[in-house]
>>> print(open('start18.cif').read())   # mmCIF, C-alpha atoms and all ligand atoms
data_run
loop_
_atom_site.label_atom_id
_atom_site.label_comp_id
_atom_site.auth_asym_id
_atom_site.auth_seq_id
_atom_site.Cartn_x
_atom_site.Cartn_y
_atom_site.Cartn_z
CA MET A 276 45.69 -60.45 -4.07
CA GLN A 277 43.09 -60.61 -6.83
CA LYS A 278 39.64 -61.81 -5.84
CA ILE A 279 37.67 -64.60 -7.45
CA LEU A 280 34.28 -66.22 -7.00
CA VAL A 281 33.87 -69.99 -7.21
CA ALA A 282 30.16 -70.05 -7.91
CA ARG A 283 29.32 -73.57 -6.72
CA PRO A 284 30.70 -76.56 -4.81
CA ILE A 285 33.63 -78.25 -6.62
CA PHE A 286 36.51 -80.50 -5.52
CA PRO A 287 38.00 -78.87 -2.38
CA ASP A 288 41.59 -79.52 -3.46
CA VAL A 289 41.00 -77.52 -6.65
CA VAL A 290 39.76 -74.61 -4.51
CA GLU A 291 42.92 -75.00 -2.39
CA ARG A 292 44.97 -74.60 -5.60
CA LEU A 293 43.09 -71.41 -6.40
CA LYS A 294 43.77 -70.09 -2.88
CA GLN A 295 47.49 -70.18 -3.63
CA TYR A 296 46.91 -67.31 -6.06
CA PHE A 297 43.67 -65.58 -5.10
CA GLU A 298 41.39 -64.49 -2.32
CA VAL A 299 38.57 -66.97 -2.92
CA ASP A 300 34.88 -66.40 -2.23
CA TRP A 301 33.49 -69.95 -2.49
CA ASN A 302 29.77 -70.60 -2.64
CA GLN A 303 29.47 -74.02 -1.04
CA GLY A 304 25.72 -73.76 -0.67
CA GLU A 305 22.70 -73.80 -2.94
CA ALA A 306 22.74 -72.36 -6.46
CA LEU A 307 23.09 -68.57 -6.44
CA SER A 308 20.19 -66.52 -7.78
CA ALA A 309 20.99 -63.99 -10.50
CA ALA A 310 20.87 -61.20 -7.89
CA GLU A 311 23.16 -63.08 -5.47
CA LEU A 312 25.59 -63.85 -8.28
CA ALA A 313 25.69 -60.20 -9.34
CA ALA A 314 26.27 -59.10 -5.73
CA ARG A 315 29.11 -61.59 -5.20
CA LEU A 316 30.76 -60.62 -8.52
CA ALA A 317 30.81 -56.91 -7.65
CA ASP A 318 34.38 -56.90 -6.28
CA LYS A 319 35.78 -59.88 -8.23
CA ASP A 320 38.51 -60.09 -10.87
CA GLY A 321 37.50 -63.56 -12.02
CA ALA A 322 34.96 -66.32 -11.53
CA LEU A 323 34.66 -70.07 -11.95
CA THR A 324 31.21 -71.21 -13.06
CA ALA A 325 29.62 -74.46 -14.17
CA GLY A 326 26.59 -73.48 -16.19
CA GLU A 327 25.50 -70.37 -14.25
CA PRO A 328 24.05 -67.80 -16.67
CA ILE A 329 26.45 -64.88 -17.11
CA GLY A 330 24.90 -62.09 -19.14
CA ALA A 331 25.05 -58.35 -19.53
CA ALA A 332 23.54 -57.65 -16.10
CA ALA A 333 26.02 -59.86 -14.23
CA ILE A 334 28.93 -58.33 -16.15
CA ALA A 335 27.66 -54.78 -15.56
CA SER A 336 27.63 -55.49 -11.83
CA ALA A 337 31.30 -56.49 -11.89
CA PRO A 338 33.52 -53.61 -13.03
CA ARG A 339 36.77 -55.44 -12.18
CA LEU A 340 35.82 -58.71 -13.88
CA ARG A 341 38.40 -59.96 -16.42
CA VAL A 342 37.61 -63.65 -16.85
CA VAL A 343 34.87 -66.20 -16.28
CA SER A 344 36.03 -69.81 -16.50
CA ASN A 345 33.28 -72.34 -17.20
CA MET A 346 33.78 -75.90 -15.95
CA ALA A 347 32.10 -77.28 -19.08
CA VAL A 348 32.82 -77.50 -22.77
CA GLY A 349 29.45 -75.92 -23.60
CA PHE A 350 29.22 -72.21 -22.89
CA ASN A 351 25.68 -71.34 -23.93
CA ASN A 352 25.31 -69.95 -20.39
CA PHE A 353 27.66 -67.11 -21.42
CA ASP A 354 26.36 -64.11 -23.38
CA MET A 355 29.48 -63.73 -25.48
CA ALA A 356 28.37 -60.40 -26.96
CA ALA A 357 28.28 -59.00 -23.41
CA PHE A 358 31.67 -60.57 -22.64
CA ASN A 359 33.20 -59.03 -25.77
CA ALA A 360 31.64 -55.61 -25.16
CA ALA A 361 33.20 -55.51 -21.67
CA ASN A 362 36.49 -57.19 -22.70
CA VAL A 363 35.80 -60.08 -20.34
CA LEU A 364 37.44 -63.36 -21.33
CA GLY A 365 35.40 -66.56 -21.30
CA THR A 366 37.10 -69.96 -21.08
CA ASN A 367 35.79 -73.54 -21.22
CA THR A 368 37.05 -77.11 -20.72
CA PRO A 369 37.12 -78.93 -24.08
CA ASP A 370 38.73 -82.30 -24.87
CA VAL A 371 39.18 -83.64 -21.34
CA LEU A 372 35.55 -84.86 -21.35
CA ASN A 373 35.36 -86.27 -24.88
CA GLU A 374 35.77 -89.94 -24.09
CA SER A 375 33.63 -90.11 -20.92
CA THR A 376 30.85 -88.20 -22.64
CA ALA A 377 31.03 -90.43 -25.71
CA ASP A 378 30.93 -93.52 -23.47
CA PHE A 379 27.80 -92.19 -21.83
CA GLY A 380 26.15 -91.48 -25.18
CA TRP A 381 26.51 -95.17 -25.92
CA ALA A 382 25.22 -96.12 -22.48
CA LEU A 383 22.06 -94.07 -23.02
CA MET A 384 21.58 -95.20 -26.60
CA MET A 385 21.95 -98.86 -25.66
CA ALA A 386 19.76 -98.54 -22.58
CA ALA A 387 17.03 -96.91 -24.70
CA ALA A 388 17.33 -99.38 -27.58
CA ARG A 389 17.32 -102.44 -25.30
CA ARG A 390 14.87 -101.08 -22.72
CA VAL A 391 17.28 -101.51 -19.82
CA THR A 392 15.78 -99.15 -17.26
CA GLU A 393 12.19 -99.82 -18.27
CA SER A 394 12.60 -103.56 -17.73
CA GLU A 395 14.51 -103.00 -14.50
CA HIS A 396 11.66 -100.91 -13.08
CA TRP A 397 9.25 -103.70 -14.03
CA LEU A 398 11.46 -106.32 -12.35
CA ARG A 399 11.84 -104.22 -9.17
CA ALA A 400 8.07 -103.82 -9.07
CA GLY A 401 7.78 -107.62 -8.70
CA LYS A 402 6.12 -108.11 -12.08
CA TRP A 403 8.47 -110.82 -13.40
CA GLN A 404 6.45 -114.05 -13.22
CA LYS A 405 7.60 -115.90 -16.35
CA TRP A 406 9.79 -115.63 -19.43
CA ALA A 407 7.91 -114.50 -22.54
CA TYR A 408 9.05 -114.41 -26.14
CA ASP A 409 7.84 -110.85 -26.54
CA SER A 410 9.00 -109.30 -23.26
CA PHE A 411 10.74 -105.95 -23.78
CA LEU A 412 11.59 -106.41 -27.43
CA GLY A 413 14.01 -103.69 -28.44
CA THR A 414 15.98 -102.53 -31.45
CA ASP A 415 19.37 -103.94 -32.44
CA ILE A 416 22.51 -101.87 -32.21
CA TYR A 417 24.92 -104.29 -33.92
CA GLY A 418 24.83 -103.91 -37.69
CA SER A 419 22.45 -100.92 -37.56
CA THR A 420 22.89 -97.34 -38.78
CA LEU A 421 24.15 -94.65 -36.40
CA GLY A 422 23.26 -91.03 -37.16
CA VAL A 423 25.40 -88.46 -35.36
CA ILE A 424 24.19 -84.86 -35.45
CA GLY A 425 27.14 -82.66 -34.45
CA MET A 426 30.49 -84.10 -35.52
CA GLY A 427 32.80 -82.15 -33.24
CA ARG A 428 35.24 -83.66 -30.79
CA ILE A 429 32.63 -85.60 -28.79
CA GLY A 430 30.68 -86.63 -31.89
CA GLN A 431 33.86 -88.06 -33.38
CA ALA A 432 34.71 -89.94 -30.17
CA LEU A 433 31.22 -91.38 -30.19
CA ALA A 434 31.36 -92.36 -33.88
CA ARG A 435 34.77 -93.98 -33.45
CA ARG A 436 33.20 -96.55 -31.11
CA ALA A 437 30.73 -97.68 -33.81
CA ARG A 438 33.28 -99.84 -35.59
CA GLY A 439 33.06 -102.59 -32.98
CA PHE A 440 29.30 -102.70 -33.51
CA ASN A 441 29.68 -103.07 -37.27
CA MET A 442 27.55 -99.99 -37.81
CA ARG A 443 27.05 -97.78 -40.81
CA VAL A 444 27.83 -94.24 -39.62
CA MET A 445 26.13 -91.14 -41.00
CA TYR A 446 26.62 -87.65 -39.69
CA HIS A 447 25.28 -84.17 -40.10
CA ASN A 448 27.24 -81.09 -39.11
CA ARG A 449 27.40 -77.38 -39.94
CA SER A 450 30.35 -78.23 -42.17
CA ARG A 451 31.85 -81.48 -43.35
CA VAL A 452 34.79 -82.85 -41.41
CA SER A 453 37.99 -83.56 -43.34
CA PRO A 454 38.14 -86.51 -45.76
CA GLN A 455 40.75 -88.07 -43.45
CA ILE A 456 38.39 -87.99 -40.47
CA GLU A 457 35.49 -89.27 -42.62
CA ALA A 458 37.70 -92.15 -43.73
CA GLU A 459 38.97 -92.89 -40.23
CA LEU A 460 35.43 -92.95 -38.83
CA ASN A 461 33.97 -94.59 -41.94
CA ALA A 462 31.36 -91.83 -41.71
CA GLU A 463 29.25 -90.44 -44.55
CA TYR A 464 27.97 -86.88 -44.56
CA ALA A 465 24.19 -86.60 -44.90
CA SER A 466 21.58 -83.87 -44.85
CA LYS A 467 19.69 -83.70 -41.58
CA GLU A 468 16.57 -84.97 -43.31
CA HIS A 469 18.30 -87.94 -44.94
CA LEU A 470 19.97 -88.85 -41.67
CA LEU A 471 16.69 -88.71 -39.74
CA ARG A 472 14.95 -90.88 -42.34
CA THR A 473 17.75 -93.45 -42.49
CA ALA A 474 19.36 -93.82 -39.07
CA ASP A 475 18.29 -96.46 -36.56
CA HIS A 476 19.93 -94.56 -33.72
CA VAL A 477 20.19 -90.77 -33.78
CA VAL A 478 22.54 -89.11 -31.30
CA LEU A 479 22.69 -85.34 -30.70
CA VAL A 480 26.14 -83.95 -29.88
CA LEU A 481 25.88 -80.39 -31.18
CA PRO A 482 26.36 -77.16 -29.21
CA TYR A 483 23.22 -75.20 -28.34
CA THR A 484 22.75 -71.93 -30.20
CA ALA A 485 19.73 -69.66 -30.64
CA GLU A 486 19.46 -70.99 -34.22
CA ASN A 487 19.09 -74.63 -33.25
CA HIS A 488 16.46 -74.13 -30.54
CA HIS A 489 13.95 -77.02 -30.96
CA THR A 490 15.74 -78.13 -34.11
CA ILE A 491 14.44 -81.62 -33.29
CA GLY A 492 10.66 -81.51 -32.88
CA ALA A 493 7.43 -82.97 -34.26
CA ALA A 494 8.44 -82.51 -37.92
CA GLU A 495 11.70 -84.35 -37.34
CA PHE A 496 10.08 -87.21 -35.37
CA ALA A 497 7.71 -87.65 -38.32
CA LEU A 498 10.73 -88.35 -40.53
CA MET A 499 12.30 -90.95 -38.23
CA LYS A 500 11.71 -94.71 -38.37
CA PRO A 501 9.10 -95.90 -35.87
CA SER A 502 11.75 -98.18 -34.34
CA ALA A 503 14.45 -95.47 -34.15
CA THR A 504 16.00 -94.15 -30.95
CA LEU A 505 16.98 -90.58 -30.17
CA THR A 506 19.75 -89.81 -27.67
CA ASN A 507 20.51 -86.28 -26.45
CA ILE A 508 23.82 -85.70 -24.67
CA ALA A 509 24.11 -82.14 -26.04
CA ARG A 510 21.81 -79.54 -24.49
CA GLY A 511 18.20 -79.27 -23.54
CA GLY A 512 16.43 -76.81 -25.81
CA ILE A 513 17.77 -78.50 -28.95
CA VAL A 514 14.89 -80.97 -28.60
CA ASP A 515 11.26 -79.94 -28.15
CA ASP A 516 10.67 -82.10 -25.05
CA ALA A 517 6.86 -81.76 -25.16
CA ALA A 518 6.78 -82.95 -28.79
CA LEU A 519 9.19 -85.76 -27.90
CA ALA A 520 6.89 -87.00 -25.15
CA VAL A 521 4.01 -87.05 -27.65
CA ALA A 522 6.11 -88.95 -30.22
CA LEU A 523 7.26 -91.50 -27.65
CA ARG A 524 3.81 -92.09 -26.23
CA ALA A 525 2.36 -92.57 -29.72
CA LYS A 526 5.31 -94.89 -30.58
CA ARG A 527 6.06 -92.51 -33.45
CA ILE A 528 9.68 -93.28 -32.55
CA GLY A 529 10.90 -96.29 -30.61
CA ALA A 530 12.67 -94.86 -27.59
CA ALA A 531 14.84 -92.02 -26.33
CA GLY A 532 17.75 -91.48 -23.98
CA LEU A 533 18.04 -88.01 -22.50
CA ASP A 534 20.77 -86.57 -20.28
CA VAL A 535 19.85 -82.92 -20.83
CA PHE A 536 16.56 -81.03 -20.65
CA GLU A 537 15.19 -77.62 -21.44
CA GLY A 538 14.86 -75.83 -18.08
CA GLU A 539 16.82 -78.51 -16.16
CA PRO A 540 16.89 -79.50 -13.36
CA SER A 541 13.17 -79.40 -14.11
CA VAL A 542 12.11 -82.13 -16.52
CA HIS A 543 9.01 -81.80 -18.70
CA PRO A 544 6.29 -83.63 -16.72
CA ASP A 545 5.09 -85.53 -19.80
CA LEU A 546 8.50 -87.19 -20.15
CA LEU A 547 8.27 -88.50 -16.59
CA THR A 548 5.16 -90.53 -17.43
CA VAL A 549 6.40 -92.08 -20.70
CA SER A 550 7.93 -95.54 -20.31
CA ASN A 551 10.11 -95.73 -23.44
CA VAL A 552 12.58 -93.06 -22.38
CA VAL A 553 15.73 -93.27 -20.26
CA LEU A 554 16.28 -90.12 -18.19
CA THR A 555 19.54 -89.16 -16.47
CA PRO A 556 20.44 -85.94 -14.61
CA HIS A 557 23.12 -84.37 -16.87
CA ILE A 558 25.87 -86.82 -15.95
CA ALA A 559 27.50 -87.63 -19.31
CA SER A 560 30.85 -86.21 -18.17
CA ALA A 561 30.46 -87.48 -14.61
CA THR A 562 33.34 -89.83 -13.92
CA GLU A 563 35.72 -89.12 -11.07
CA ALA A 564 38.67 -88.71 -13.44
CA THR A 565 36.89 -86.52 -15.97
CA ARG A 566 35.17 -84.18 -13.54
CA ARG A 567 38.55 -83.73 -11.79
CA ALA A 568 40.22 -82.99 -15.11
CA MET A 569 37.49 -80.47 -15.95
CA ALA A 570 37.80 -78.73 -12.57
CA ASN A 571 41.58 -78.55 -12.81
CA LEU A 572 41.42 -77.24 -16.38
CA ALA A 573 38.87 -74.61 -15.33
CA ALA A 574 41.29 -73.59 -12.55
CA ASP A 575 44.24 -73.53 -14.99
CA ASN A 576 42.29 -71.21 -17.28
CA LEU A 577 41.36 -68.87 -14.45
CA ILE A 578 44.87 -68.76 -12.98
CA ALA A 579 46.52 -68.12 -16.36
CA ALA A 580 43.95 -65.55 -17.50
CA LEU A 581 44.55 -63.52 -14.33
CA GLY A 582 48.28 -63.53 -15.03
CA GLU A 583 49.34 -66.09 -12.45
CA GLY A 584 50.97 -69.53 -12.48
CA PRO A 585 53.13 -71.26 -15.10
CA GLN A 586 50.87 -70.32 -18.05
CA ALA A 587 50.44 -66.67 -16.97
CA GLY A 588 48.74 -64.67 -19.72
CA ASN A 589 48.13 -67.75 -21.88
CA PRO A 590 45.01 -69.55 -20.69
CA PRO A 591 44.72 -72.87 -22.53
CA ASN A 592 41.09 -72.54 -23.63
CA PRO A 593 40.06 -68.96 -24.41
CA ILE A 594 36.64 -68.72 -26.11
CA ASN A 595 37.13 -65.09 -27.21
CA PRO A 596 40.94 -64.73 -27.36
CA GLU A 597 40.56 -61.37 -29.10
CA VAL A 598 39.89 -59.70 -25.72
CA LEU A 599 43.08 -61.08 -24.12
CA GLY A 600 45.21 -58.24 -22.87
CA LYS A 601 42.46 -55.64 -23.42
CA ALA A 602 40.88 -55.64 -19.96
C1 LIG B 701 29.05 -80.19 -17.47
C2 LIG B 701 28.50 -80.28 -19.93
O1 LIG B 701 29.18 -81.08 -16.43
O2 LIG B 701 30.71 -79.74 -20.45
C3 LIG B 701 29.54 -79.55 -20.68
O3 LIG B 701 29.17 -78.75 -21.57
O4 LIG B 701 27.37 -80.30 -20.31
C4 LIG B 701 28.87 -81.03 -18.70
O5 LIG B 701 30.04 -81.75 -18.94
C5 LIG B 701 27.90 -79.28 -17.16
O6 LIG B 701 27.70 -78.39 -18.21
C6 LIG B 701 28.14 -78.47 -15.89
O7 LIG B 701 29.07 -77.48 -16.13
#
>>> encode(input="start18.cif", output="structure tokens")
Amino acid sequence: MQKILVARPIFPDVVERLKQYFEVDWNQGEALSAAELAARLADKDGALTAGEPIGAAAIASAPRLRVVSNMAVGFNNFDMAAFNAANVLGTNTPDVLNESTADFGWALMMAAARRVTESEHWLRAGKWQKWAYDSFLGTDIYGSTLGVIGMGRIGQALARRARGFNMRVMYHNRSRVSPQIEAELNAEYASKEHLLRTADHVVLVLPYTAENHHTIGAAEFALMKPSATLTNIARGGIVDDAALAVALRAKRIGAAGLDVFEGEPSVHPDLLTVSNVVLTPHIASATEATRRAMANLAADNLIAALGEGPQAGNPPNPINPEVLGKA
């Protein structure tokens, strides 16, 4: 039997499925250090990860390794050059999380714009003595302008929901989406600068790459409307969190909603002391149904890539299909 590592706790029934095909080494404890991960990969043919960094050192420690299946759509934790050099396949879990993640983008954006968590903390602290005309004034969503940066599958799902809020939709992306999709979403392409100047609510849904590290920082906040909100459901590192805390505290922008952070699970301490930001612990895809679908798809990819099961040899979501069959 081939051997696999499941690098972290996931749904036990999905691990049971994997056990039908493989000898499974399941880490049910704390996150593995890089050294522990390398040691546990040494005799493995495949691995299931969910954000664990897999780079040249981890791959070098695993001479038998043929596939690493990430339970996530984002795969910035994989060093794809190292995967390609060693003919290791990477797989991810696109599509199954589009709608839940888009829903959560709206939840964060609306909570930030309408000061939901900030006012709740105030209420819980026993500070609600009377109604006041100027208590927790926020920014309207209905009839406003949505600016989506990153118009991939999740960005499109998010933009599609704007119709019910009678919003103007602008987007910025590496390349324009098709005229059909623009028409369906009623979305206009804009430069990043024009979008930042114009949008009332900016939402980040782009993949993290080395090129877009801190692509939203002090210079970008200076372009935005003072009432605008910024929502990040993409990746930490795209936003300069220290500069964001400064902009929020100075009311340079109105509010922010953040589900992802540079260096998470650590959160920049300055963000923790700013009131006009909603902070959540990377849960945009976290519904029971979606996380199950992601786990099962990650298992499907692993099983198929290692030549087992009904899709043997044809994993549904190869990131670097060019290495298939080479290992
Ligand atoms: C994952 C995500 O839950 O899919 C992604 O890229 O950010 C989340 O849905 C997280 O990355 C853990 O794997």
>>> residues_near_ligand(input="start18.cif", ligand="ligand LIG 701 (chain B)", cutoff="9 Å", atoms="only C-alpha atoms and all ligand atoms", output="number ranges by chain")
A: 324-327, 345-351, 367-369, 372, 376, 482, 508-510, 535, 557-561, 565-566, 569
>>> closest_residue(input="start18.cif", among="A:Thr504, A:Thr490, A:Thr555, A:Gln404", to="Val542 (chain A)", atoms="only C-alpha atoms")
A:Thr555
>>> residues_around(input="start18.cif", residues="Ala331 (chain A)", least_positions_apart="6", cutoff="8 Å", atoms="only C-alpha atoms", output="list in words")
Asp354, Ala357 and Phe358 of chain A
>>> closest_residue(input="start18.cif", among="A:Glu563, A:Glu393, A:Asp515, A:Asp300", to="Phe496 (chain A)", atoms="all atoms listed in the file")
A:Asp515
>>> residues_around(input="start18.cif", residues="region 420-428 of chain A", least_positions_apart="2", cutoff="10 Å", atoms="all atoms listed in the file", output="compact mmCIF listing (two decimals) with C-alpha atoms, in the frame of the given file")
# COMPACT_ATOMS: atom_id res chain seq x y z
CA PRO A 369 37.12 -78.93 -24.08
CA ASP A 370 38.73 -82.30 -24.87
CA LEU A 372 35.55 -84.86 -21.35
CA ASN A 373 35.36 -86.27 -24.88
CA GLU A 374 35.77 -89.94 -24.09
CA ALA A 377 31.03 -90.43 -25.71
CA ASP A 415 19.37 -103.94 -32.44
CA ILE A 416 22.51 -101.87 -32.21
CA TYR A 417 24.92 -104.29 -33.92
CA GLY A 418 24.83 -103.91 -37.69
CA GLY A 430 30.68 -86.63 -31.89
CA GLN A 431 33.86 -88.06 -33.38
CA ALA A 432 34.71 -89.94 -30.17
CA LEU A 433 31.22 -91.38 -30.19
CA ALA A 434 31.36 -92.36 -33.88
CA ALA A 437 30.73 -97.68 -33.81
CA PHE A 440 29.30 -102.70 -33.51
CA ASN A 441 29.68 -103.07 -37.27
CA MET A 442 27.55 -99.99 -37.81
CA ARG A 443 27.05 -97.78 -40.81
CA VAL A 444 27.83 -94.24 -39.62
CA MET A 445 26.13 -91.14 -41.00
CA TYR A 446 26.62 -87.65 -39.69
CA HIS A 447 25.28 -84.17 -40.10
CA ASN A 448 27.24 -81.09 -39.11
CA ARG A 449 27.40 -77.38 -39.94
CA SER A 450 30.35 -78.23 -42.17
CA ARG A 451 31.85 -81.48 -43.35
CA VAL A 452 34.79 -82.85 -41.41
CA ALA A 462 31.36 -91.83 -41.71
CA GLU A 463 29.25 -90.44 -44.55
CA TYR A 464 27.97 -86.88 -44.56
CA ALA A 465 24.19 -86.60 -44.90
CA SER A 466 21.58 -83.87 -44.85
CA LYS A 467 19.69 -83.70 -41.58
CA HIS A 469 18.30 -87.94 -44.94
CA LEU A 470 19.97 -88.85 -41.67
CA LEU A 471 16.69 -88.71 -39.74
CA ARG A 472 14.95 -90.88 -42.34
CA THR A 473 17.75 -93.45 -42.49
CA ALA A 474 19.36 -93.82 -39.07
CA ASP A 475 18.29 -96.46 -36.56
CA HIS A 476 19.93 -94.56 -33.72
CA VAL A 477 20.19 -90.77 -33.78
CA VAL A 478 22.54 -89.11 -31.30
CA LEU A 479 22.69 -85.34 -30.70
CA VAL A 480 26.14 -83.95 -29.88
CA LEU A 481 25.88 -80.39 -31.18
CA PRO A 482 26.36 -77.16 -29.21
CA ALA A 503 14.45 -95.47 -34.15
CA THR A 504 16.00 -94.15 -30.95
CA LEU A 505 16.98 -90.58 -30.17
CA THR A 506 19.75 -89.81 -27.67
CA ASN A 507 20.51 -86.28 -26.45
CA ALA A 509 24.11 -82.14 -26.04
>>> atom_distance(input="start18.cif", atom1="CA of Gly582 (chain A)", atom2="CA of Gln303 (chain A)")
25.7 Å
>>> residues_around(input="start18.cif", residues="Asp320 (chain A)", least_positions_apart="2", cutoff="12 Å", atoms="all atoms listed in the file", output="PyMOL selection string")
chain A and resi 276-281+297-300+315-318+322-323+334+336-344+363-364+577-578+580-582+602
>>> residues_around(input="start18.cif", residues="Phe353 (chain A)", least_positions_apart="3", cutoff="7 Å", atoms="all atoms listed in the file", output="NGL selection string")
:A and (328-330 or 350)
>>> write_last_selection(input="start18.cif", atoms="C-alpha atoms", output="mmCIF file, keeping the file's coordinate frame")
data_model
loop_
_atom_site.group_PDB
_atom_site.id
_atom_site.type_symbol
_atom_site.label_atom_id
_atom_site.label_comp_id
_atom_site.auth_asym_id
_atom_site.auth_seq_id
_atom_site.Cartn_x
_atom_site.Cartn_y
_atom_site.Cartn_z
ATOM 1 C CA PRO A 328 24.050 -67.800 -16.670
ATOM 2 C CA ILE A 329 26.450 -64.880 -17.110
ATOM 3 C CA GLY A 330 24.900 -62.090 -19.140
ATOM 4 C CA PHE A 350 29.220 -72.210 -22.890
#
>>> atom_distance(input="start18.cif", atom1="CA of Val371 (chain A)", atom2="CA of Leu572 (chain A)")
8.4 Å
>>> atom_distance(input="start18.cif", atom1="CA of Ala579 (chain A)", atom2="CA of Pro596 (chain A)")
12.8 Å
>>> build_atoms(input="start18.cif", residues="region 412-433 of chain A", atoms="N, CA and C atoms", output="PDB file, keeping the file's coordinate frame")
ATOM      1  N   LEU A 412      10.878-106.345 -26.151  1.00  0.00           N
ATOM      2  CA  LEU A 412      11.590-106.410 -27.430  1.00  0.00           C
ATOM      3  C   LEU A 412      12.130-105.016 -27.764  1.00  0.00           C
ATOM      4  N   GLY A 413      13.387-104.979 -28.133  1.00  0.00           N
ATOM      5  CA  GLY A 413      14.010-103.690 -28.440  1.00  0.00           C
ATOM      6  C   GLY A 413      14.490-103.631 -29.878  1.00  0.00           C
ATOM      7  N   THR A 414      15.426-102.729 -30.107  1.00  0.00           N
ATOM      8  CA  THR A 414      15.980-102.530 -31.450  1.00  0.00           C
ATOM      9  C   THR A 414      17.470-102.857 -31.406  1.00  0.00           C
ATOM     10  N   ASP A 415      17.950-103.575 -32.418  1.00  0.00           N
ATOM     11  CA  ASP A 415      19.370-103.940 -32.440  1.00  0.00           C
ATOM     12  C   ASP A 415      20.282-102.728 -32.614  1.00  0.00           C
ATOM     13  N   ILE A 416      21.439-102.848 -32.012  1.00  0.00           N
ATOM     14  CA  ILE A 416      22.510-101.870 -32.210  1.00  0.00           C
ATOM     15  C   ILE A 416      23.468-102.436 -33.266  1.00  0.00           C
ATOM     16  N   TYR A 417      23.937-103.663 -33.032  1.00  0.00           N
ATOM     17  CA  TYR A 417      24.920-104.290 -33.920  1.00  0.00           C
ATOM     18  C   TYR A 417      24.384-104.323 -35.354  1.00  0.00           C
ATOM     19  N   GLY A 418      25.205-103.841 -36.274  1.00  0.00           N
ATOM     20  CA  GLY A 418      24.830-103.910 -37.690  1.00  0.00           C
ATOM     21  C   GLY A 418      23.822-102.853 -38.124  1.00  0.00           C
ATOM     22  N   SER A 419      23.468-101.932 -37.219  1.00  0.00           N
ATOM     23  CA  SER A 419      22.450-100.920 -37.560  1.00  0.00           C
ATOM     24  C   SER A 419      23.137 -99.635 -38.047  1.00  0.00           C
ATOM     25  N   THR A 420      22.342 -98.616 -38.275  1.00  0.00           N
ATOM     26  CA  THR A 420      22.890 -97.340 -38.780  1.00  0.00           C
ATOM     27  C   THR A 420      22.841 -96.279 -37.677  1.00  0.00           C
ATOM     28  N   LEU A 421      24.015 -95.718 -37.403  1.00  0.00           N
ATOM     29  CA  LEU A 421      24.150 -94.650 -36.400  1.00  0.00           C
ATOM     30  C   LEU A 421      24.096 -93.311 -37.119  1.00  0.00           C
ATOM     31  N   GLY A 422      23.307 -92.383 -36.599  1.00  0.00           N
ATOM     32  CA  GLY A 422      23.260 -91.030 -37.160  1.00  0.00           C
ATOM     33  C   GLY A 422      23.702 -90.036 -36.109  1.00  0.00           C
ATOM     34  N   VAL A 423      24.850 -89.404 -36.332  1.00  0.00           N
ATOM     35  CA  VAL A 423      25.400 -88.460 -35.360  1.00  0.00           C
ATOM     36  C   VAL A 423      25.124 -87.041 -35.855  1.00  0.00           C
ATOM     37  N   ILE A 424      24.415 -86.258 -35.072  1.00  0.00           N
ATOM     38  CA  ILE A 424      24.190 -84.860 -35.450  1.00  0.00           C
ATOM     39  C   ILE A 424      25.094 -84.010 -34.560  1.00  0.00           C
ATOM     40  N   GLY A 425      26.097 -83.390 -35.175  1.00  0.00           N
ATOM     41  CA  GLY A 425      27.140 -82.660 -34.450  1.00  0.00           C
ATOM     42  C   GLY A 425      28.399 -83.500 -34.430  1.00  0.00           C
ATOM     43  N   MET A 426      29.289 -83.263 -35.407  1.00  0.00           N
ATOM     44  CA  MET A 426      30.490 -84.100 -35.520  1.00  0.00           C
ATOM     45  C   MET A 426      31.715 -83.335 -35.065  1.00  0.00           C
ATOM     46  N   GLY A 427      31.640 -82.798 -33.845  1.00  0.00           N
ATOM     47  CA  GLY A 427      32.800 -82.150 -33.240  1.00  0.00           C
ATOM     48  C   GLY A 427      33.622 -83.209 -32.507  1.00  0.00           C
ATOM     49  N   ARG A 428      34.335 -82.754 -31.485  1.00  0.00           N
ATOM     50  CA  ARG A 428      35.240 -83.660 -30.790  1.00  0.00           C
ATOM     51  C   ARG A 428      34.500 -84.825 -30.129  1.00  0.00           C
ATOM     52  N   ILE A 429      33.367 -84.525 -29.479  1.00  0.00           N
ATOM     53  CA  ILE A 429      32.630 -85.600 -28.790  1.00  0.00           C
ATOM     54  C   ILE A 429      31.908 -86.476 -29.803  1.00  0.00           C
ATOM     55  N   GLY A 430      31.352 -85.856 -30.841  1.00  0.00           N
ATOM     56  CA  GLY A 430      30.680 -86.630 -31.890  1.00  0.00           C
ATOM     57  C   GLY A 430      31.651 -87.615 -32.531  1.00  0.00           C
ATOM     58  N   GLN A 431      32.870 -87.164 -32.767  1.00  0.00           N
ATOM     59  CA  GLN A 431      33.860 -88.060 -33.380  1.00  0.00           C
ATOM     60  C   GLN A 431      34.245 -89.202 -32.438  1.00  0.00           C
ATOM     61  N   ALA A 432      34.384 -88.884 -31.145  1.00  0.00           N
ATOM     62  CA  ALA A 432      34.710 -89.940 -30.170  1.00  0.00           C
ATOM     63  C   ALA A 432      33.587 -90.970 -30.122  1.00  0.00           C
ATOM     64  N   LEU A 433      32.366 -90.482 -30.212  1.00  0.00           N
ATOM     65  CA  LEU A 433      31.220 -91.380 -30.190  1.00  0.00           C
ATOM     66  C   LEU A 433      31.191 -92.261 -31.448  1.00  0.00           C
TER      67      LEU A 433
END
